[in-house]
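File shown: input.cif. Contents: mmCIF, C-alpha atoms (C1' of nucleotides).
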data_start
#
loop_
_atom_site.label_atom_id
_atom_site.label_comp_id
_atom_site.auth_asym_id
_atom_site.auth_seq_id
_atom_site.Cartn_x
_atom_site.Cartn_y
_atom_site.Cartn_z
CA MET B 1 -11.58 25.62 -73.59
CA GLY B 2 -9.80 27.76 -76.09
CA ARG B 3 -6.76 26.88 -78.00
CA TRP B 4 -4.61 28.60 -75.40
CA GLU B 5 -4.90 29.22 -71.72
CA PRO B 6 -6.68 32.53 -71.21
CA ASP B 7 -5.14 35.72 -69.83
CA ALA B 8 -1.65 35.42 -71.21
CA ALA B 9 -0.96 39.03 -70.21
CA GLY B 10 -1.87 38.30 -66.60
CA ARG B 11 0.35 35.25 -66.51
CA LEU B 12 3.20 37.26 -67.99
CA ARG B 13 2.76 39.97 -65.37
CA GLU B 14 2.90 37.49 -62.52
CA ALA B 15 5.82 35.60 -63.99
CA ALA B 16 7.74 38.82 -64.50
CA MET B 17 7.13 40.06 -60.95
CA ALA B 18 8.17 36.73 -59.47
CA LEU B 19 11.37 36.57 -61.50
CA TYR B 20 12.27 40.24 -61.04
CA ALA B 21 11.83 39.87 -57.29
CA GLU B 22 13.83 36.67 -57.22
CA ARG B 23 16.73 37.43 -59.57
CA GLY B 24 16.43 41.14 -60.15
CA PHE B 25 15.43 42.94 -63.31
CA ASP B 26 18.77 42.60 -65.07
CA GLY B 27 19.14 39.01 -64.03
CA THR B 28 15.91 38.06 -65.74
CA THR B 29 15.49 37.53 -69.48
CA VAL B 30 12.28 38.00 -71.39
CA ALA B 31 12.59 34.42 -72.59
CA GLU B 32 12.49 33.21 -68.98
CA ILE B 33 9.40 35.26 -68.23
CA ALA B 34 7.67 33.95 -71.32
CA ASP B 35 8.68 30.40 -70.48
CA ARG B 36 7.19 30.59 -67.04
CA ALA B 37 4.00 32.04 -68.46
CA GLY B 38 3.83 29.25 -71.04
CA VAL B 39 4.23 31.45 -74.10
CA THR B 40 7.07 32.57 -76.35
CA ALA B 41 9.14 35.71 -76.04
CA ARG B 42 7.52 37.04 -79.20
CA THR B 43 4.15 36.93 -77.44
CA PHE B 44 5.57 38.87 -74.50
CA PHE B 45 6.29 41.76 -76.83
CA ARG B 46 2.81 41.55 -78.32
CA HIS B 47 1.38 42.29 -74.88
CA PHE B 48 4.00 44.70 -73.54
CA ALA B 49 5.99 47.24 -75.46
CA ASP B 50 9.19 46.37 -73.63
CA LYS B 51 10.66 44.55 -70.68
CA ARG B 52 9.84 47.41 -68.29
CA GLU B 53 6.28 47.99 -69.30
CA VAL B 54 5.12 44.67 -67.86
CA LEU B 55 5.33 46.29 -64.41
CA PHE B 56 3.38 49.39 -65.40
CA ALA B 57 0.58 47.96 -67.47
CA GLY B 58 -2.25 49.01 -65.14
CA SER B 59 -1.16 52.59 -64.76
CA GLU B 60 -3.27 53.90 -67.64
CA LEU B 61 -6.32 52.47 -65.93
CA LEU B 62 -5.39 54.18 -62.67
CA GLN B 63 -4.98 57.41 -64.57
CA GLU B 64 -8.33 56.99 -66.30
CA ARG B 65 -10.11 56.44 -63.02
CA MET B 66 -8.56 59.47 -61.40
CA VAL B 67 -9.39 61.63 -64.39
CA ALA B 68 -12.94 60.26 -64.38
CA ALA B 69 -13.35 61.11 -60.71
CA LEU B 70 -12.06 64.57 -61.45
CA ALA B 71 -14.64 65.04 -64.18
CA ALA B 72 -17.37 63.61 -61.95
CA ALA B 73 -16.82 66.16 -59.20
CA PRO B 74 -19.61 68.75 -58.87
CA ALA B 75 -19.24 71.65 -61.27
CA ASP B 76 -19.04 74.10 -58.40
CA ALA B 77 -16.37 72.18 -56.50
CA THR B 78 -13.15 74.07 -55.86
CA PRO B 79 -10.05 72.87 -57.77
CA MET B 80 -8.70 71.41 -54.55
CA ALA B 81 -11.94 69.57 -53.83
CA ALA B 82 -11.95 68.13 -57.33
CA ILE B 83 -8.34 67.01 -57.06
CA THR B 84 -9.10 65.50 -53.68
CA SER B 85 -11.81 63.30 -55.12
CA ALA B 86 -9.43 62.21 -57.88
CA VAL B 87 -6.78 61.31 -55.34
CA LEU B 88 -9.25 59.38 -53.24
CA ALA B 89 -10.46 57.54 -56.32
CA SER B 90 -7.02 55.97 -56.63
CA ALA B 91 -7.91 53.84 -53.63
CA ASP B 92 -10.17 51.66 -55.79
CA PHE B 93 -7.06 50.35 -57.37
CA PHE B 94 -5.21 49.20 -54.34
CA ASP B 95 -7.42 46.81 -52.47
CA ASP B 96 -5.76 44.68 -49.86
CA ILE B 97 -5.13 41.94 -52.38
CA ARG B 98 -2.75 44.16 -54.24
CA ARG B 99 -0.80 45.34 -51.28
CA ASP B 100 1.66 42.50 -51.34
CA TYR B 101 2.06 42.81 -55.09
CA SER B 102 2.57 46.55 -54.70
CA ARG B 103 5.25 46.01 -52.10
CA ARG B 104 7.28 43.63 -54.17
CA ARG B 105 6.81 45.80 -57.21
CA ALA B 106 8.00 48.89 -55.37
CA ALA B 107 11.05 47.03 -54.10
CA VAL B 108 12.04 46.01 -57.61
CA ILE B 109 11.43 49.45 -59.05
CA THR B 110 13.41 51.39 -56.49
CA SER B 111 16.39 49.13 -56.99
CA THR B 112 16.44 49.40 -60.78
CA PRO B 113 17.31 52.72 -62.45
CA GLU B 114 15.64 51.74 -65.71
CA LEU B 115 12.40 51.10 -63.88
CA LEU B 116 12.69 54.31 -61.89
CA GLU B 117 12.85 56.19 -65.15
CA ARG B 118 9.70 54.52 -66.35
CA GLU B 119 7.94 55.27 -63.09
CA LEU B 120 8.84 58.93 -63.31
CA ILE B 121 7.40 59.26 -66.78
CA LYS B 122 4.21 57.54 -65.70
CA MET B 123 3.84 60.04 -62.89
CA ALA B 124 4.53 62.87 -65.29
CA LYS B 125 1.81 61.59 -67.58
CA LEU B 126 -0.57 61.30 -64.67
CA THR B 127 0.20 64.87 -63.69
CA ALA B 128 -0.39 66.08 -67.23
CA ALA B 129 -3.69 64.21 -67.44
CA LEU B 130 -4.95 65.67 -64.18
CA ARG B 131 -3.87 69.13 -65.21
CA GLN B 132 -5.82 68.75 -68.45
CA GLY B 133 -8.79 67.48 -66.49
CA LEU B 134 -8.70 70.61 -64.37
CA LEU B 135 -8.40 72.81 -67.43
CA ASP B 136 -11.48 71.08 -68.83
CA ARG B 137 -13.29 72.10 -65.67
CA GLY B 138 -12.41 75.71 -66.39
CA VAL B 139 -9.66 76.00 -63.79
CA PRO B 140 -7.08 78.67 -64.73
CA PRO B 141 -3.84 77.21 -66.16
CA ASP B 142 -1.57 78.22 -63.30
CA VAL B 143 -3.87 76.83 -60.66
CA ALA B 144 -4.46 73.68 -62.68
CA ALA B 145 -0.75 72.97 -62.99
CA LEU B 146 -0.13 73.52 -59.31
CA ALA B 147 -3.14 71.50 -58.19
CA ALA B 148 -2.23 68.59 -60.45
CA GLU B 149 1.32 68.62 -59.15
CA THR B 150 0.06 68.69 -55.60
CA GLY B 151 -2.42 65.90 -56.18
CA VAL B 152 0.20 63.58 -57.62
CA GLY B 153 2.50 64.51 -54.77
CA VAL B 154 -0.11 63.49 -52.26
CA PHE B 155 -0.68 60.23 -54.10
CA ARG B 156 3.02 59.40 -54.16
CA VAL B 157 3.62 60.14 -50.52
CA SER B 158 0.52 58.22 -49.52
CA PHE B 159 1.35 55.21 -51.63
CA GLU B 160 4.82 55.01 -50.17
CA ARG B 161 3.45 55.18 -46.66
CA TRP B 162 0.76 52.64 -47.38
CA ILE B 163 3.10 49.90 -48.58
CA SER B 164 5.22 50.27 -45.48
CA ALA B 165 2.22 50.45 -43.14
CA PRO B 166 0.72 47.52 -41.21
CA ASP B 167 -1.56 45.24 -43.21
CA ASP B 168 -4.76 46.44 -41.61
CA VAL B 169 -4.38 50.06 -42.68
CA PRO B 170 -6.47 50.73 -45.78
CA ILE B 171 -4.98 53.05 -48.36
CA THR B 172 -7.99 55.32 -48.10
CA ASP B 173 -7.01 56.18 -44.55
CA VAL B 174 -3.48 57.03 -45.59
CA LEU B 175 -4.68 59.19 -48.45
CA GLN B 176 -6.99 61.11 -46.16
CA ALA B 177 -4.30 61.56 -43.55
CA THR B 178 -1.93 62.94 -46.15
CA LEU B 179 -4.58 65.31 -47.43
CA GLN B 180 -5.09 66.54 -43.88
CA ASN B 181 -1.36 67.07 -43.48
CA LEU B 182 -1.40 69.14 -46.60
CA ALA B 183 -4.30 71.20 -45.34
CA ALA B 184 -2.48 71.79 -42.08
CA LEU B 185 0.68 72.83 -43.91
CA THR B 186 -1.07 75.41 -46.01
CA ALA B 187 -3.40 76.62 -43.28
CA MET P 1 50.42 64.61 -81.48
CA GLY P 2 49.16 61.61 -79.67
CA ARG P 3 48.29 58.30 -81.13
CA TRP P 4 44.65 59.34 -81.46
CA GLU P 5 42.84 62.62 -82.03
CA PRO P 6 42.08 64.19 -78.68
CA ASP P 7 38.61 64.63 -77.11
CA ALA P 8 36.92 61.50 -78.39
CA ALA P 9 34.03 62.12 -76.00
CA GLY P 10 33.44 65.58 -77.42
CA ARG P 11 33.47 64.27 -80.97
CA LEU P 12 31.04 61.54 -80.01
CA ARG P 13 28.71 64.09 -78.43
CA GLU P 14 28.66 66.25 -81.51
CA ALA P 15 28.27 63.31 -83.86
CA ALA P 16 25.38 61.95 -81.80
CA MET P 17 23.56 65.29 -81.70
CA ALA P 18 23.95 65.78 -85.43
CA LEU P 19 22.67 62.31 -86.26
CA TYR P 20 19.84 62.33 -83.72
CA ALA P 21 18.68 65.66 -85.10
CA GLU P 22 18.97 64.46 -88.66
CA ARG P 23 17.56 60.91 -88.50
CA GLY P 24 16.00 60.77 -85.07
CA PHE P 25 17.18 58.80 -82.06
CA ASP P 26 15.78 55.45 -83.17
CA GLY P 27 17.01 55.95 -86.71
CA THR P 28 20.58 56.30 -85.54
CA THR P 29 22.85 53.43 -84.55
CA VAL P 30 25.73 53.67 -82.15
CA ALA P 31 27.99 52.35 -84.89
CA GLU P 32 27.08 55.34 -87.06
CA ILE P 33 27.81 57.79 -84.28
CA ALA P 34 31.15 56.14 -83.60
CA ASP P 35 31.98 56.11 -87.29
CA ARG P 36 31.37 59.81 -87.65
CA ALA P 37 33.50 60.47 -84.59
CA GLY P 38 36.29 58.32 -85.99
CA VAL P 39 36.20 55.67 -83.29
CA THR P 40 34.60 52.26 -82.82
CA ALA P 41 31.28 51.49 -81.17
CA ARG P 42 33.14 49.87 -78.31
CA THR P 43 34.80 53.17 -77.56
CA PHE P 44 31.41 54.90 -77.51
CA PHE P 45 30.39 52.69 -74.60
CA ARG P 46 33.63 53.42 -72.80
CA HIS P 47 32.70 57.10 -72.70
CA PHE P 48 28.94 56.84 -72.24
CA ALA P 49 26.99 54.24 -70.31
CA ASP P 50 24.37 53.92 -73.01
CA LYS P 51 23.00 55.44 -76.17
CA ARG P 52 20.93 58.03 -74.23
CA GLU P 53 23.62 59.21 -71.89
CA VAL P 54 25.58 60.90 -74.66
CA LEU P 55 23.00 63.70 -74.55
CA PHE P 56 23.13 64.08 -70.77
CA ALA P 57 26.80 64.00 -69.99
CA GLY P 58 27.52 67.32 -68.36
CA SER P 59 24.39 67.33 -66.27
CA GLU P 60 26.36 66.16 -63.26
CA LEU P 61 28.54 69.21 -63.70
CA LEU P 62 25.51 71.48 -63.79
CA GLN P 63 24.29 69.82 -60.63
CA GLU P 64 27.64 70.22 -58.95
CA ARG P 65 27.75 73.91 -59.73
CA MET P 66 24.27 74.53 -58.44
CA VAL P 67 25.00 72.61 -55.26
CA ALA P 68 28.26 74.52 -54.85
CA ALA P 69 26.43 77.84 -55.20
CA LEU P 70 23.95 76.64 -52.63
CA ALA P 71 26.73 75.84 -50.20
CA ALA P 72 28.46 79.15 -50.93
CA ALA P 73 25.43 81.23 -49.98
CA PRO P 74 25.82 83.16 -46.72
CA ALA P 75 25.02 81.11 -43.66
CA ASP P 76 22.26 83.47 -42.67
CA ALA P 77 20.60 83.49 -46.07
CA THR P 78 17.00 82.30 -46.12
CA PRO P 79 16.33 78.94 -47.82
CA MET P 80 14.73 80.79 -50.73
CA ALA P 81 17.71 83.11 -51.08
CA ALA P 82 20.08 80.15 -51.10
CA ILE P 83 18.02 78.32 -53.71
CA THR P 84 17.90 81.47 -55.78
CA SER P 85 21.66 81.70 -55.94
CA ALA P 86 21.81 78.04 -56.94
CA VAL P 87 19.30 78.63 -59.72
CA LEU P 88 21.18 81.68 -60.96
CA ALA P 89 24.41 79.70 -60.93
CA SER P 90 22.99 77.46 -63.63
CA ALA P 91 23.45 80.35 -66.04
CA ASP P 92 27.20 79.72 -66.13
CA PHE P 93 26.43 76.63 -68.06
CA PHE P 94 24.41 78.06 -70.84
CA ASP P 95 26.46 80.73 -72.50
CA ASP P 96 25.31 81.88 -75.88
CA ILE P 97 27.46 79.32 -77.61
CA ARG P 98 25.40 76.56 -76.15
CA ARG P 99 22.04 77.99 -77.04
CA ASP P 100 21.89 76.43 -80.45
CA TYR P 101 23.08 73.11 -79.14
CA SER P 102 20.51 73.32 -76.36
CA ARG P 103 17.74 73.97 -78.84
CA ARG P 104 18.53 71.03 -81.03
CA ARG P 105 19.03 68.86 -77.99
CA ALA P 106 15.66 69.85 -76.55
CA ALA P 107 13.95 69.13 -79.86
CA VAL P 108 15.38 65.63 -79.96
CA ILE P 109 14.58 64.91 -76.33
CA THR P 110 10.96 66.03 -76.42
CA SER P 111 10.31 63.85 -79.43
CA THR P 112 11.83 60.71 -77.96
CA PRO P 113 10.15 58.96 -75.00
CA GLU P 114 13.32 57.14 -74.01
CA LEU P 115 15.16 60.45 -73.75
CA LEU P 116 12.31 62.06 -71.86
CA GLU P 117 12.61 59.34 -69.27
CA ARG P 118 16.28 60.04 -68.89
CA GLU P 119 15.69 63.76 -68.60
CA LEU P 120 13.12 63.24 -65.86
CA ILE P 121 15.50 61.17 -63.79
CA LYS P 122 18.24 63.77 -64.19
CA MET P 123 15.86 66.43 -62.90
CA ALA P 124 14.87 64.16 -60.03
CA LYS P 125 18.52 63.72 -59.13
CA LEU P 126 19.09 67.44 -59.30
CA THR P 127 16.13 67.98 -57.01
CA ALA P 128 17.45 65.43 -54.54
CA ALA P 129 20.89 67.01 -54.58
CA LEU P 130 19.53 70.48 -53.92
CA ARG P 131 17.34 69.16 -51.15
CA GLN P 132 20.36 67.55 -49.53
CA GLY P 133 22.28 70.78 -49.93
CA LEU P 134 19.56 72.61 -48.08
CA LEU P 135 19.49 69.99 -45.36
CA ASP P 136 23.23 70.48 -44.98
CA ARG P 137 22.54 74.15 -44.40
CA GLY P 138 20.25 73.23 -41.54
CA VAL P 139 17.00 73.85 -43.36
CA PRO P 140 14.12 71.77 -41.96
CA PRO P 141 13.26 68.72 -44.10
CA ASP P 142 9.83 69.86 -45.23
CA VAL P 143 11.06 73.27 -46.26
CA ALA P 144 14.10 71.79 -47.95
CA ALA P 145 12.02 69.44 -50.07
CA LEU P 146 9.65 72.16 -51.12
CA ALA P 147 12.38 74.69 -51.85
CA ALA P 148 14.35 72.18 -53.93
CA GLU P 149 11.25 71.28 -55.88
CA THR P 150 10.52 74.93 -56.47
CA GLY P 151 14.06 75.72 -57.53
CA VAL P 152 14.13 72.96 -60.12
CA GLY P 153 10.72 74.08 -61.31
CA VAL P 154 12.01 77.58 -61.86
CA PHE P 155 15.02 76.23 -63.71
CA ARG P 156 12.89 74.08 -66.00
CA VAL P 157 10.45 76.81 -66.87
CA SER P 158 13.25 79.28 -67.46
CA PHE P 159 15.25 76.93 -69.62
CA GLU P 160 12.26 76.21 -71.79
CA ARG P 161 11.58 79.90 -72.24
CA TRP P 162 15.20 80.67 -72.94
CA ILE P 163 15.58 78.26 -75.83
CA SER P 164 12.49 79.68 -77.50
CA ALA P 165 13.49 83.30 -76.82
CA PRO P 166 15.30 85.61 -79.27
CA ASP P 167 19.04 85.11 -79.49
CA ASP P 168 19.94 88.27 -77.65
CA VAL P 169 18.16 87.33 -74.43
CA PRO P 170 20.66 85.94 -71.90
CA ILE P 171 19.48 83.06 -69.75
CA THR P 172 20.25 85.05 -66.63
CA ASP P 173 17.51 87.50 -67.53
CA VAL P 174 15.00 84.72 -68.03
CA LEU P 175 15.94 83.11 -64.73
CA GLN P 176 15.50 86.36 -62.89
CA ALA P 177 12.18 87.08 -64.58
CA THR P 178 10.89 83.65 -63.59
CA LEU P 179 12.03 84.16 -60.02
CA GLN P 180 10.16 87.45 -59.95
CA ASN P 181 7.04 85.74 -61.29
CA LEU P 182 7.32 83.25 -58.49
CA ALA P 183 7.68 85.98 -55.92
CA ALA P 184 4.60 87.71 -57.32
CA LEU P 185 2.64 84.48 -57.22
CA THR P 186 3.37 83.78 -53.59
CA ALA P 187 3.14 87.39 -52.47
"C1'" DG S 1 68.42 54.37 -72.38
"C1'" DA S 2 66.21 49.92 -72.08
"C1'" DA S 3 62.58 47.75 -69.51
"C1'" DA S 4 58.40 47.91 -67.35
"C1'" DG S 5 54.08 50.13 -66.78
"C1'" DT S 6 49.80 52.99 -68.23
"C1'" DG S 7 45.87 54.41 -70.68
"C1'" DA S 8 43.01 54.94 -74.52
"C1'" DT S 9 41.73 52.45 -78.18
"C1'" DG S 10 40.78 48.42 -81.44
"C1'" DT S 11 39.13 43.59 -82.33
"C1'" DC S 12 36.36 39.69 -81.57
"C1'" DA S 13 32.73 37.06 -79.70
"C1'" DT S 14 28.51 36.83 -77.28
"C1'" DT S 15 24.20 37.81 -75.02
"C1'" DG S 16 19.74 39.51 -75.08
"C1'" DA S 17 16.09 43.09 -76.28
"C1'" DC S 18 13.19 43.98 -79.89
"C1'" DT S 19 10.96 43.69 -84.80
"C1'" DG S 20 9.06 42.11 -89.28
"C1'" DA S 21 7.17 38.47 -92.08
"C1'" DC S 22 4.76 34.60 -92.42
"C1'" DA S 23 2.41 30.23 -90.77
"C1'" DT S 24 -1.03 27.98 -87.81
"C1'" DC S 25 -5.37 26.83 -86.07
"C1'" DA S 26 -9.40 27.07 -82.76
"C1'" DC S 27 -13.41 29.71 -82.94
"C1'" DC S 28 -17.25 32.49 -84.89
"C1'" DG S 29 -20.52 34.22 -87.97
"C1'" DA S 30 -22.86 33.90 -92.50
"C1'" DT C 1 -19.59 24.29 -94.69
"C1'" DC C 2 -16.62 27.89 -95.34
"C1'" DG C 3 -14.23 32.03 -95.21
"C1'" DG C 4 -12.69 35.39 -91.79
"C1'" DT C 5 -10.45 36.71 -87.32
"C1'" DG C 6 -7.42 36.83 -83.62
"C1'" DA C 7 -3.99 35.12 -80.67
"C1'" DT C 8 -0.10 32.61 -80.95
"C1'" DG C 9 4.20 30.21 -82.83
"C1'" DT C 10 8.36 30.16 -85.80
"C1'" DC C 11 12.24 32.12 -87.97
"C1'" DA C 12 15.50 35.35 -89.30
"C1'" DG C 13 17.49 39.47 -88.48
"C1'" DT C 14 19.13 44.13 -86.33
"C1'" DC C 15 21.29 46.40 -82.86
"C1'" DA C 16 22.44 47.79 -77.93
"C1'" DA C 17 25.58 46.44 -74.53
"C1'" DT C 18 29.47 43.83 -72.31
"C1'" DG C 19 33.64 40.90 -71.42
"C1'" DA C 20 38.23 39.36 -72.78
"C1'" DC C 21 42.23 40.24 -74.89
"C1'" DA C 22 45.55 42.76 -78.07
"C1'" DT C 23 47.93 47.02 -79.46
"C1'" DC C 24 50.94 50.78 -79.09
"C1'" DA C 25 52.29 55.76 -78.14
"C1'" DC C 26 53.77 57.74 -74.10
"C1'" DT C 27 55.69 57.81 -69.27
"C1'" DT C 28 58.21 56.27 -65.42
"C1'" DT C 29 61.88 53.84 -63.26
"C1'" DC C 30 66.23 51.97 -62.43
#
Re-express the file's structure as structure tokens.
Amino acid sequence: MGRWEPDAAGRLREAAMALYAERGFDGTTVAEIADRAGVTARTFFRHFADKREVLFAGSELLQERMVAALAAAPADATPMAAITSAVLASADFFDDIRRDYSRRRAAVITSTPELLERELIKMAKLTAALRQGLLDRGVPPDVAALAAETGVGVFRVSFERWISAPDDVPITDVLQATLQNLAALTA
Amino acid sequence: MGRWEPDAAGRLREAAMALYAERGFDGTTVAEIADRAGVTARTFFRHFADKREVLFAGSELLQERMVAALAAAPADATPMAAITSAVLASADFFDDIRRDYSRRRAAVITSTPELLERELIKMAKLTAALRQGLLDRGVPPDVAALAAETGVGVFRVSFERWISAPDDVPITDVLQATLQNLAALTA
DNA sequence: GAAAGTGATGTCATTGACTGACATCACCGA
DNA sequence: TCGGTGATGTCAGTCAATGACATCACTTTC
């Protein structure tokens, strides 16, 4: 066994979620989170840039996967088909184990302006990354921007529906349903 | 003359912009801003909720005007026509006097993540307000959401172009050009 | 016209987010 | 065995943000 328990970042994430859900974001201090995770506040800030970031730490990974799926789409796929595969790739992230976590996380975020701000910028970054991914595929700028915007829109709507759906509904189903709605709208 | 110089909020705004532009957002303390404005830091927080808000005060007024223009559109105007008048109403806000201020402000915001977050949430609020305004006009929910999103998009693109345009180009012209581009796109 | 508000500000004290500098010590590779 | 290396602790400090209370020109009221 090492000198310290492993996965300090993971423990900090769980501790933060539990405390934010219990006492609210403002009612929780970093020192309390660190305490519960068995580390010091200084260590918290070595793992997360600030008190908000602890709830958004996996979002770069989600973005990377979606961008990877975008790049992996066949070269002759239409922009919409490529974006679709990126959107569907997001499902890998939200297995059933994470649904409960996602629910509590969403509840905290929507009730805390500071966290809403952070969420918006994460979505903006995701949009920018997808747009760049489309540009790399040779999609014209205007189409790329619109498709990226649309893809993130689909993801957001789907995610929101998924966390309020019954437990036996997989996120993949919701994503596909939303994509079909979109197709129907623009048909 | 009163006990204190009038318009403390205005002085704080100007002081903040000058210092943010000169030393950057992080390199400026609230105490310094207050000092330059001839008040104390405590007074700064009586006028602005936090250090970021000093750059965004006034955005509620912009929102109010756009929503008012939306409501003032003829009852039989199409959703797009109503949104168009709301977008054009934003021009009242950005007379030529404000162009320079807007430029410096935009430079500071785009180079400061914390301020970008705040800007995103202001735009989100504007979008929500316009959507509600459309709903109040009896526009169907789906159309309202899309039209609001589009209207804010036009505003953003136009604003960005305006601040990088020559000094003799009025924002109204840019707004109208962008609206025409949009019409051409969807034609 | 004196007394009693009122409102914007100052002063003081405190909490808590965040940072820099330096120490510690299990582990790992030469 | 020994000198890194990396994750953590410790400590001191800055600064954003807030609450409690004081001040005092100006206004209202009787």
Need the shell around segment 20-28 of chain S: protein/DNA/RNA residues with any atom at most 12 Å away, counting only C-alpha atoms (C1' of nucleotides). Skip same-chain ones fewer than 5 positions apart. Format as a tab-separated table (two decimals) with C-alpha atoms (C1' of nucleotides), in the coordinates of the input?
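Wrote it out as selection26.tsv, contents follow:
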chain	number	residue	atom	x	y	z
B	1	MET	CA	-11.58	25.62	-73.59
B	2	GLY	CA	-9.80	27.76	-76.09
B	3	ARG	CA	-6.76	26.88	-78.00
B	4	TRP	CA	-4.61	28.60	-75.40
B	42	ARG	CA	7.52	37.04	-79.20
C	2	DC	C1'	-16.62	27.89	-95.34
C	3	DG	C1'	-14.23	32.03	-95.21
C	4	DG	C1'	-12.69	35.39	-91.79
C	5	DT	C1'	-10.45	36.71	-87.32
C	6	DG	C1'	-7.42	36.83	-83.62
C	7	DA	C1'	-3.99	35.12	-80.67
C	8	DT	C1'	-0.10	32.61	-80.95
C	9	DG	C1'	4.20	30.21	-82.83
C	10	DT	C1'	8.36	30.16	-85.80
C	11	DC	C1'	12.24	32.12	-87.97
C	12	DA	C1'	15.50	35.35	-89.30
C	13	DG	C1'	17.49	39.47	-88.48
C	14	DT	C1'	19.13	44.13	-86.33
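Residues captured in this structure file are Gly2, Arg3, Trp4, Glu5, Pro6, Asp7, Ala8, Ala9, Gly38, Val39, Thr40, Ala41, Arg42, Thr43, Phe44, Phe45, Arg46 and His47 of chain P, according to the PyMOL selection byres ((chain P) within 12 of (chain S)).
Residue-level contact on chain P: within 10 Å of chain B, counting only C-alpha atoms, the set is Pro113, Glu114, Leu115, Leu116, Glu117, Arg118, Glu119, Leu120, Ile121, Lys122, Ala124, Asp142 and Leu185 of chain P.
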Can you work out which residues from chain C touch chain P at a cut-off of 8 Å (counting all atoms listed in the file) and hand them back as number ranges by chain? C: 15-17, 25
Decode the PyMOL selection byres ((chain P and resi 66) around 10) for the given file into explicit residues and return them as JSON, numbers by chain. {"P": [60, 61, 62, 63, 64, 65, 67, 68, 69, 70, 71, 72, 83, 84, 85, 86, 87, 88, 89, 90, 91, 92, 126, 129, 130, 133]}
Selection near Val174 of chain B, 9 Å with all atoms listed in the file, sequence-local residues under 4 positions removed, as an NGL selection string: :B and (158-159 or 161-162 or 169-170 or 178-179)
Please write the residues from the selection above to a file, keeping C-alpha atoms, as a PDB file, in the frame of the given file.
ATOM      1  CA  SER B 158       0.520  58.220 -49.520  1.00  0.00           C
ATOM      2  CA  PHE B 159       1.350  55.210 -51.630  1.00  0.00           C
ATOM      3  CA  ARG B 161       3.450  55.180 -46.660  1.00  0.00           C
ATOM      4  CA  TRP B 162       0.760  52.640 -47.380  1.00  0.00           C
ATOM      5  CA  VAL B 169      -4.380  50.060 -42.680  1.00  0.00           C
ATOM      6  CA  PRO B 170      -6.470  50.730 -45.780  1.00  0.00           C
ATOM      7  CA  THR B 178      -1.930  62.940 -46.150  1.00  0.00           C
ATOM      8  CA  LEU B 179      -4.580  65.310 -47.430  1.00  0.00           C
TER       9      LEU B 179
END
Would you kindly return, as a PyMOL selection string, each protein, DNA or RNA residue with an atom no farther than 12 Å from any atom of segment 14-22 of chain B, considering only C-alpha atoms (C1' of nucleotides) and excluding same-chain residues fewer than 3 positions away? chain B and resi 7-11+25-39+44+48+50-57+100-112+115
Export of the given selection (C-alpha atoms) as a short mmCIF file (atom, residue, chain, number, x, y, z; two decimals), keeping the file's coordinate frame:
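As a result, out_39.cif now contains:
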data_model
loop_
_atom_site.label_atom_id
_atom_site.label_comp_id
_atom_site.auth_asym_id
_atom_site.auth_seq_id
_atom_site.Cartn_x
_atom_site.Cartn_y
_atom_site.Cartn_z
CA ASP B 7 -5.14 35.72 -69.83
CA ALA B 8 -1.65 35.42 -71.21
CA ALA B 9 -0.96 39.03 -70.21
CA GLY B 10 -1.87 38.30 -66.60
CA ARG B 11 0.35 35.25 -66.51
CA PHE B 25 15.43 42.94 -63.31
CA ASP B 26 18.77 42.60 -65.07
CA GLY B 27 19.14 39.01 -64.03
CA THR B 28 15.91 38.06 -65.74
CA THR B 29 15.49 37.53 -69.48
CA VAL B 30 12.28 38.00 -71.39
CA ALA B 31 12.59 34.42 -72.59
CA GLU B 32 12.49 33.21 -68.98
CA ILE B 33 9.40 35.26 -68.23
CA ALA B 34 7.67 33.95 -71.32
CA ASP B 35 8.68 30.40 -70.48
CA ARG B 36 7.19 30.59 -67.04
CA ALA B 37 4.00 32.04 -68.46
CA GLY B 38 3.83 29.25 -71.04
CA VAL B 39 4.23 31.45 -74.10
CA PHE B 44 5.57 38.87 -74.50
CA PHE B 48 4.00 44.70 -73.54
CA ASP B 50 9.19 46.37 -73.63
CA LYS B 51 10.66 44.55 -70.68
CA ARG B 52 9.84 47.41 -68.29
CA GLU B 53 6.28 47.99 -69.30
CA VAL B 54 5.12 44.67 -67.86
CA LEU B 55 5.33 46.29 -64.41
CA PHE B 56 3.38 49.39 -65.40
CA ALA B 57 0.58 47.96 -67.47
CA ASP B 100 1.66 42.50 -51.34
CA TYR B 101 2.06 42.81 -55.09
CA SER B 102 2.57 46.55 -54.70
CA ARG B 103 5.25 46.01 -52.10
CA ARG B 104 7.28 43.63 -54.17
CA ARG B 105 6.81 45.80 -57.21
CA ALA B 106 8.00 48.89 -55.37
CA ALA B 107 11.05 47.03 -54.10
CA VAL B 108 12.04 46.01 -57.61
CA ILE B 109 11.43 49.45 -59.05
CA THR B 110 13.41 51.39 -56.49
CA SER B 111 16.39 49.13 -56.99
CA THR B 112 16.44 49.40 -60.78
CA LEU B 115 12.40 51.10 -63.88
#
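Our summary of the geometry notes that atom CA of Thr172 of chain P is positioned 24.5 Å from atom CA of Ala145 of chain B.
Of note, atom CA of Thr127 of chain P and atom CA of Thr150 of chain P are spaced 8.9 Å apart.
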